[in-house]
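Chemist: The file below is model.cif, mmCIF, C-alpha atoms:
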```
data_query
#
loop_
_atom_site.group_PDB
_atom_site.id
_atom_site.type_symbol
_atom_site.label_atom_id
_atom_site.label_comp_id
_atom_site.auth_asym_id
_atom_site.auth_seq_id
_atom_site.Cartn_x
_atom_site.Cartn_y
_atom_site.Cartn_z
ATOM 1 C CA MET A 1 -51.213 -59.123 19.997
ATOM 2 C CA SER A 2 -51.129 -57.512 23.406
ATOM 3 C CA ASN A 3 -53.039 -54.685 25.009
ATOM 4 C CA GLY A 4 -51.059 -52.072 26.846
ATOM 5 C CA GLY A 5 -53.709 -49.500 27.577
ATOM 6 C CA ASP A 6 -57.139 -48.024 26.996
ATOM 7 C CA MET A 7 -59.054 -49.942 24.330
ATOM 8 C CA GLN A 8 -61.786 -47.294 23.906
ATOM 9 C CA PRO A 9 -60.184 -45.546 20.892
ATOM 10 C CA LEU A 10 -59.886 -48.873 19.074
ATOM 11 C CA HIS A 11 -63.449 -49.824 20.014
ATOM 12 C CA ARG A 12 -64.668 -46.452 18.652
ATOM 13 C CA ALA A 13 -62.841 -46.985 15.351
ATOM 14 C CA LEU A 14 -64.152 -50.535 14.977
ATOM 15 C CA ALA A 15 -67.693 -49.390 15.839
ATOM 16 C CA LYS A 16 -67.480 -46.801 13.056
ATOM 17 C CA LEU A 17 -66.442 -49.498 10.590
ATOM 18 C CA LEU A 18 -69.220 -51.837 11.695
ATOM 19 C CA LYS A 19 -71.780 -49.011 11.305
ATOM 20 C CA GLY A 20 -70.575 -48.379 7.762
ATOM 21 C CA ASP A 21 -68.849 -45.075 8.548
ATOM 22 C CA ALA A 22 -65.483 -44.029 7.187
ATOM 23 C CA ILE A 23 -62.368 -44.058 9.350
ATOM 24 C CA SER A 24 -59.051 -42.282 9.077
ATOM 25 C CA MET A 25 -55.781 -44.133 9.558
ATOM 26 C CA GLY A 26 -52.270 -42.801 9.901
ATOM 27 C CA PHE A 27 -48.972 -44.603 9.634
ATOM 28 C CA ALA A 28 -45.620 -43.346 10.875
ATOM 29 C CA GLY A 29 -42.292 -45.063 10.663
ATOM 30 C CA GLY A 30 -39.171 -45.547 8.630
ATOM 31 C CA SER A 31 -38.411 -47.252 5.353
ATOM 32 C CA VAL A 32 -40.546 -50.279 6.247
ATOM 33 C CA THR A 33 -43.552 -47.940 6.409
ATOM 34 C CA ILE A 34 -42.895 -46.534 2.943
ATOM 35 C CA GLY A 35 -42.605 -50.048 1.539
ATOM 36 C CA SER A 36 -38.846 -50.432 1.284
ATOM 37 C CA GLY A 37 -37.832 -53.909 0.237
ATOM 38 C CA THR A 38 -40.947 -54.464 -1.841
ATOM 39 C CA PRO A 39 -40.941 -54.395 -5.649
ATOM 40 C CA ASN A 40 -43.351 -51.468 -5.818
ATOM 41 C CA PHE A 41 -42.918 -49.297 -2.703
ATOM 42 C CA SER A 42 -46.281 -47.573 -2.437
ATOM 43 C CA LEU A 43 -48.348 -50.497 -3.719
ATOM 44 C CA ASP A 44 -46.737 -53.514 -2.064
ATOM 45 C CA GLY A 45 -45.863 -52.232 1.406
ATOM 46 C CA TYR A 46 -47.827 -53.066 4.517
ATOM 47 C CA VAL A 47 -49.548 -49.648 4.573
ATOM 48 C CA SER A 48 -51.268 -50.282 1.242
ATOM 49 C CA GLN A 49 -52.144 -53.819 2.266
ATOM 50 C CA VAL A 50 -53.791 -52.671 5.513
ATOM 51 C CA PHE A 51 -55.677 -49.865 3.759
ATOM 52 C CA ASP A 52 -56.791 -52.167 0.933
ATOM 53 C CA TRP A 53 -58.019 -54.719 3.476
ATOM 54 C CA VAL A 54 -60.061 -52.066 5.309
ATOM 55 C CA ASN A 55 -61.557 -50.854 2.016
ATOM 56 C CA GLN A 56 -62.436 -54.378 0.882
ATOM 57 C CA THR A 57 -63.805 -55.505 4.239
ATOM 58 C CA PHE A 58 -65.603 -52.266 5.170
ATOM 59 C CA PRO A 59 -66.197 -50.463 1.847
ATOM 60 C CA HIS A 60 -66.506 -46.686 2.051
ATOM 61 C CA THR A 61 -65.394 -44.060 -0.438
ATOM 62 C CA LYS A 62 -64.184 -41.694 2.287
ATOM 63 C CA HIS A 63 -61.757 -43.853 4.255
ATOM 64 C CA LYS A 64 -58.667 -41.720 4.778
ATOM 65 C CA LEU A 65 -55.023 -42.816 4.692
ATOM 66 C CA VAL A 66 -52.079 -40.698 5.845
ATOM 67 C CA ASN A 67 -48.648 -42.236 5.335
ATOM 68 C CA GLY A 68 -46.115 -40.373 7.463
ATOM 69 C CA GLY A 69 -43.347 -42.826 6.675
ATOM 70 C CA MET A 70 -39.895 -41.638 5.692
ATOM 71 C CA GLY A 71 -36.773 -43.685 5.147
ATOM 72 C CA GLY A 72 -34.226 -43.483 7.964
ATOM 73 C CA ILE A 73 -36.536 -41.591 10.307
ATOM 74 C CA THR A 74 -36.717 -42.229 14.051
ATOM 75 C CA SER A 75 -39.560 -41.815 16.511
ATOM 76 C CA GLY A 76 -37.810 -38.758 17.951
ATOM 77 C CA TYR A 77 -38.071 -36.913 14.649
ATOM 78 C CA ILE A 78 -41.776 -37.699 14.365
ATOM 79 C CA ALA A 79 -42.350 -36.683 17.999
ATOM 80 C CA ASN A 80 -40.808 -33.268 17.289
ATOM 81 C CA CYS A 81 -42.929 -32.706 14.156
ATOM 82 C CA LEU A 82 -45.982 -34.705 15.218
ATOM 83 C CA ASP A 83 -48.775 -32.683 13.606
ATOM 84 C CA HIS A 84 -46.944 -32.608 10.269
ATOM 85 C CA PHE A 85 -46.737 -36.407 10.062
ATOM 86 C CA ILE A 86 -49.799 -37.487 12.047
ATOM 87 C CA PRO A 87 -52.847 -35.185 11.779
ATOM 88 C CA VAL A 88 -55.030 -34.731 14.852
ATOM 89 C CA ASP A 89 -58.219 -36.181 13.313
ATOM 90 C CA LEU A 90 -57.134 -39.820 12.924
ATOM 91 C CA ASP A 91 -59.023 -42.791 14.349
ATOM 92 C CA ILE A 92 -56.101 -45.245 14.275
ATOM 93 C CA VAL A 93 -52.351 -44.627 14.188
ATOM 94 C CA PHE A 94 -49.865 -47.378 13.343
ATOM 95 C CA LEU A 95 -46.297 -46.809 14.550
ATOM 96 C CA GLU A 96 -43.307 -48.755 13.211
ATOM 97 C CA PHE A 97 -39.889 -47.715 14.484
ATOM 98 C CA THR A 98 -38.281 -51.012 15.513
ATOM 99 C CA VAL A 99 -35.509 -50.954 12.930
ATOM 100 C CA ASN A 100 -34.526 -47.271 12.981
ATOM 101 C CA ASP A 101 -34.863 -46.762 16.721
ATOM 102 C CA TYR A 102 -32.862 -49.954 17.268
ATOM 103 C CA PHE A 103 -29.956 -48.656 15.217
ATOM 104 C CA SER A 104 -30.149 -45.194 16.800
ATOM 105 C CA ALA A 105 -29.862 -46.824 20.254
ATOM 106 C CA LYS A 106 -27.182 -49.368 19.356
ATOM 107 C CA GLY A 107 -24.677 -49.739 22.165
ATOM 108 C CA LEU A 108 -26.935 -48.033 24.710
ATOM 109 C CA PRO A 109 -28.552 -49.786 27.699
ATOM 110 C CA ALA A 110 -31.554 -51.805 26.537
ATOM 111 C CA MET A 111 -34.223 -50.385 28.834
ATOM 112 C CA GLU A 112 -33.002 -46.846 29.453
ATOM 113 C CA ASN A 113 -31.784 -44.994 26.413
ATOM 114 C CA SER A 114 -32.577 -41.951 24.321
ATOM 115 C CA ALA A 115 -34.411 -43.905 21.592
ATOM 116 C CA ARG A 116 -36.834 -45.411 24.124
ATOM 117 C CA ARG A 117 -37.466 -41.989 25.672
ATOM 118 C CA ARG A 118 -38.198 -40.458 22.252
ATOM 119 C CA PHE A 119 -40.599 -43.278 21.408
ATOM 120 C CA GLU A 120 -42.357 -42.822 24.750
ATOM 121 C CA ARG A 121 -42.599 -39.060 24.106
ATOM 122 C CA LEU A 122 -44.295 -39.791 20.760
ATOM 123 C CA ILE A 123 -46.848 -42.141 22.316
ATOM 124 C CA ARG A 124 -47.585 -39.736 25.180
ATOM 125 C CA ALA A 125 -48.099 -36.870 22.726
ATOM 126 C CA LEU A 126 -50.627 -38.945 20.767
ATOM 127 C CA LEU A 127 -52.440 -39.932 23.969
ATOM 128 C CA GLN A 128 -52.661 -36.297 25.093
ATOM 129 C CA ARG A 129 -54.603 -35.220 22.023
ATOM 130 C CA PRO A 130 -58.192 -34.065 22.635
ATOM 131 C CA ASP A 131 -59.575 -37.220 20.983
ATOM 132 C CA PRO A 132 -56.662 -39.680 21.101
ATOM 133 C CA PRO A 133 -56.462 -42.257 18.320
ATOM 134 C CA ALA A 134 -56.084 -45.977 18.783
ATOM 135 C CA ILE A 135 -52.342 -46.623 18.692
ATOM 136 C CA ILE A 136 -51.099 -49.858 17.177
ATOM 137 C CA LEU A 137 -47.403 -50.631 17.535
ATOM 138 C CA LEU A 138 -45.832 -52.729 14.804
ATOM 139 C CA HIS A 139 -42.470 -54.423 15.171
ATOM 140 C CA TRP A 140 -40.335 -55.830 12.380
ATOM 141 C CA GLN A 141 -37.349 -57.950 13.285
ATOM 142 C CA PRO A 142 -34.799 -57.659 10.500
ATOM 143 C CA ASN A 143 -32.778 -60.811 9.995
ATOM 144 C CA ARG A 144 -30.037 -59.394 7.786
ATOM 145 C CA GLY A 145 -28.347 -62.775 7.918
ATOM 146 C CA ARG A 146 -27.213 -62.381 11.517
ATOM 147 C CA LEU A 147 -29.713 -64.478 13.422
ATOM 148 C CA PRO A 148 -29.992 -68.223 12.818
ATOM 149 C CA LEU A 149 -33.428 -69.699 12.335
ATOM 150 C CA ALA A 150 -34.593 -72.454 14.654
ATOM 151 C CA GLY A 151 -35.038 -75.873 13.111
ATOM 152 C CA ARG A 152 -33.653 -77.490 10.007
ATOM 153 C CA GLU A 153 -32.171 -75.298 7.362
#
```
Would you mind writing the file's structure down as structure tokens?
Modeler:
Amino acid sequence: MSNGGDMQPLHRALAKLLKGDAISMGFAGGSVTIGSGTPNFSLDGYVSQVFDWVNQTFPHTKHKLVNGGMGGITSGYIANCLDHFIPVDLDIVFLEFTVNDYFSAKGLPAMENSARRRFERLIRALLQRPDPPAIILLHWQPNRGRLPLAGRE
């Protein structure tokens, strides 16, 4: 885990949990976010696992979950329709665009390309909200049989 910015929104969300208050969490990303690759999309994906963990660890009947995941979607699409996918009143927002943004930027320079600019636009838009949420970036590295594993096979 690394910290790339202001920790106050995350501290506020954690303080609410520790006080026994409800929090609201939003997730945005591609097929990984909707649970693709799991036997039961909505129940087995990481979104459900995170939300279940919060509910079990910090029980509250009013915790809120918004899943703005959509298969094949990129960060640029979410950035253009931000309020539709990620409501303004969220305490924590998880973003997962590694796979789809990677394929949308394939063949482009690694550090300066349209996919990186769209992702930055999304993050800046979230940070410019009146009460910005904690933003947690998730990265999945798909193997797809192309990358050898280190060690004995």
Chemist: Between A:Ala125, A:Met25, A:Ile86, A:Ile34, single out the one closest to A:Asp52, counting only C-alpha atoms.
Modeler: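 For A:Asp52, the nearest of the candidates is A:Met25.
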Chemist: Using all atoms listed in the file, determine which residues lie at most 10 Å from A:Asn80, disregarding the query and same-chain residues fewer than 6 positions distant; provide the list as a ChimeraX atom specification.
Modeler: /A:118,121-122,125
Chemist: Could the residues in this selection be written to a file with C-alpha atoms, as a CSV table (one decimal), in the coordinates of the input?
Modeler:
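Result file follows (part_23.csv):
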```
chain,number,residue,atom,x,y,z
A,118,ARG,CA,-38.2,-40.5,22.3
A,121,ARG,CA,-42.6,-39.1,24.1
A,122,LEU,CA,-44.3,-39.8,20.8
A,125,ALA,CA,-48.1,-36.9,22.7
```
Chemist: Go through A:Val66, A:Val32, A:Leu138, A:Val47 one by one, measure the shortest atom-to-atom distance of each to A:Phe85 using all atoms listed in the file, and give the residue with the smallest value.
Modeler: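 Smallest distance to A:Phe85 is found for A:Val66.
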Chemist: On this structure, the PyMOL selection byres ((chain A and resi 83) around 12) would catch which residues? List them as an NGL selection string, sorted by chain and number.
Modeler: :A and (26 or 28 or 66 or 68 or 77-82 or 84-90 or 122 or 125-126 or 129)
Chemist: Keeping only C-alpha atoms, write the selected residues as a short mmCIF file (atom, residue, chain, number, x, y, z; two decimals), in the coordinates of the input.
Modeler:
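Okay, out32.cif is ready:
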```cif
data_model
loop_
_atom_site.label_atom_id
_atom_site.label_comp_id
_atom_site.auth_asym_id
_atom_site.auth_seq_id
_atom_site.Cartn_x
_atom_site.Cartn_y
_atom_site.Cartn_z
CA GLY A 26 -52.27 -42.80 9.90
CA ALA A 28 -45.62 -43.35 10.88
CA VAL A 66 -52.08 -40.70 5.84
CA GLY A 68 -46.12 -40.37 7.46
CA TYR A 77 -38.07 -36.91 14.65
CA ILE A 78 -41.78 -37.70 14.36
CA ALA A 79 -42.35 -36.68 18.00
CA ASN A 80 -40.81 -33.27 17.29
CA CYS A 81 -42.93 -32.71 14.16
CA LEU A 82 -45.98 -34.70 15.22
CA HIS A 84 -46.94 -32.61 10.27
CA PHE A 85 -46.74 -36.41 10.06
CA ILE A 86 -49.80 -37.49 12.05
CA PRO A 87 -52.85 -35.18 11.78
CA VAL A 88 -55.03 -34.73 14.85
CA ASP A 89 -58.22 -36.18 13.31
CA LEU A 90 -57.13 -39.82 12.92
CA LEU A 122 -44.30 -39.79 20.76
CA ALA A 125 -48.10 -36.87 22.73
CA LEU A 126 -50.63 -38.94 20.77
CA ARG A 129 -54.60 -35.22 22.02
#
```
Chemist: I'd like to know which of A:Asn100, A:Ser24, A:Thr33, A:Thr61 is closest to A:Gln49, using only C-alpha atoms.
Modeler: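 Of all the options, A:Thr33 lies closest to A:Gln49.
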Chemist: Tell me, as a list in words, which residues lie within 8 Å of A:Leu17, counting all atoms listed in the file; anything in the same chain fewer than 5 positions away does not count.
Modeler: Ala22, Ile23 and Phe58 of chain A
Chemist: Write out, as an mmCIF file, keeping the file's coordinate frame, the residues just selected, with C-alpha atoms.
Modeler:
```cif
data_model
loop_
_atom_site.group_PDB
_atom_site.id
_atom_site.type_symbol
_atom_site.label_atom_id
_atom_site.label_comp_id
_atom_site.auth_asym_id
_atom_site.auth_seq_id
_atom_site.Cartn_x
_atom_site.Cartn_y
_atom_site.Cartn_z
ATOM 1 C CA ALA A 22 -65.483 -44.029 7.187
ATOM 2 C CA ILE A 23 -62.368 -44.058 9.350
ATOM 3 C CA PHE A 58 -65.603 -52.266 5.170
#
```
Chemist: For the file shown, report as JSON, numbers by chain the outcome of the PyMOL selection byres ((chain A and resi 59) around 12) at residue level.
Modeler: {"A": [16, 17, 18, 19, 20, 21, 22, 23, 51, 52, 53, 54, 55, 56, 57, 58, 60, 61, 62, 63, 64]}
Chemist: Kindly give the distance, in Å, that separates atom CA of A:Asn40 and atom CA of A:Leu95, rounded to a single decimal.
Modeler: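 Computed distance, atom CA of A:Asn40 to atom CA of A:Leu95, equals 21.1 Å.
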Chemist: Take atom CA of A:Phe119 and atom CA of A:Leu65 and report the distance between them in Å, one decimal.
Modeler: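 Those two atoms sit 22.1 Å apart.
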Chemist: Using Å and a single decimal, report how far atom CA of A:Gln128 sits from atom CA of A:Gly72.
Modeler: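 Between atom CA of A:Gly72 and atom CA of A:Gln128 the gap is 26.2 Å.
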Chemist: My list of candidates is A:Ser48, A:Ser114, A:Ser36, A:Val93. Which is closest to A:Thr74 when distances are computed with only C-alpha atoms?
Modeler: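 Ranking A:Ser48, A:Ser114, A:Ser36, A:Val93 by distance to A:Thr74, first place goes to A:Ser114.
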Chemist: Put a box with edges along x, y and z around all the listed atoms of stretch 82-90 of chain A, pad it by 8 Å on each side, then give me its centre and sizes in Å, one decimal, as lines of an AutoDock Vina configuration file.
Modeler:
```
center_x = -52.1
center_y = -36.2
center_z = 12.6
size_x = 28.2
size_y = 23.2
size_z = 21.2
```
Chemist: For A:Phe27, which residue among A:Ala115, A:Met70, A:Leu127, A:Leu43 is the nearest when counting all atoms listed in the file?
Modeler: A:Met70
Chemist: Measuring atom to atom with all atoms listed in the file, identify which of A:Gln8, A:Ser75, A:Ile92, A:Leu14 is nearest to A:Pro133.
Modeler: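 Going through A:Gln8, A:Ser75, A:Ile92, A:Leu14 one by one, the smallest distance to A:Pro133 is for A:Ile92.
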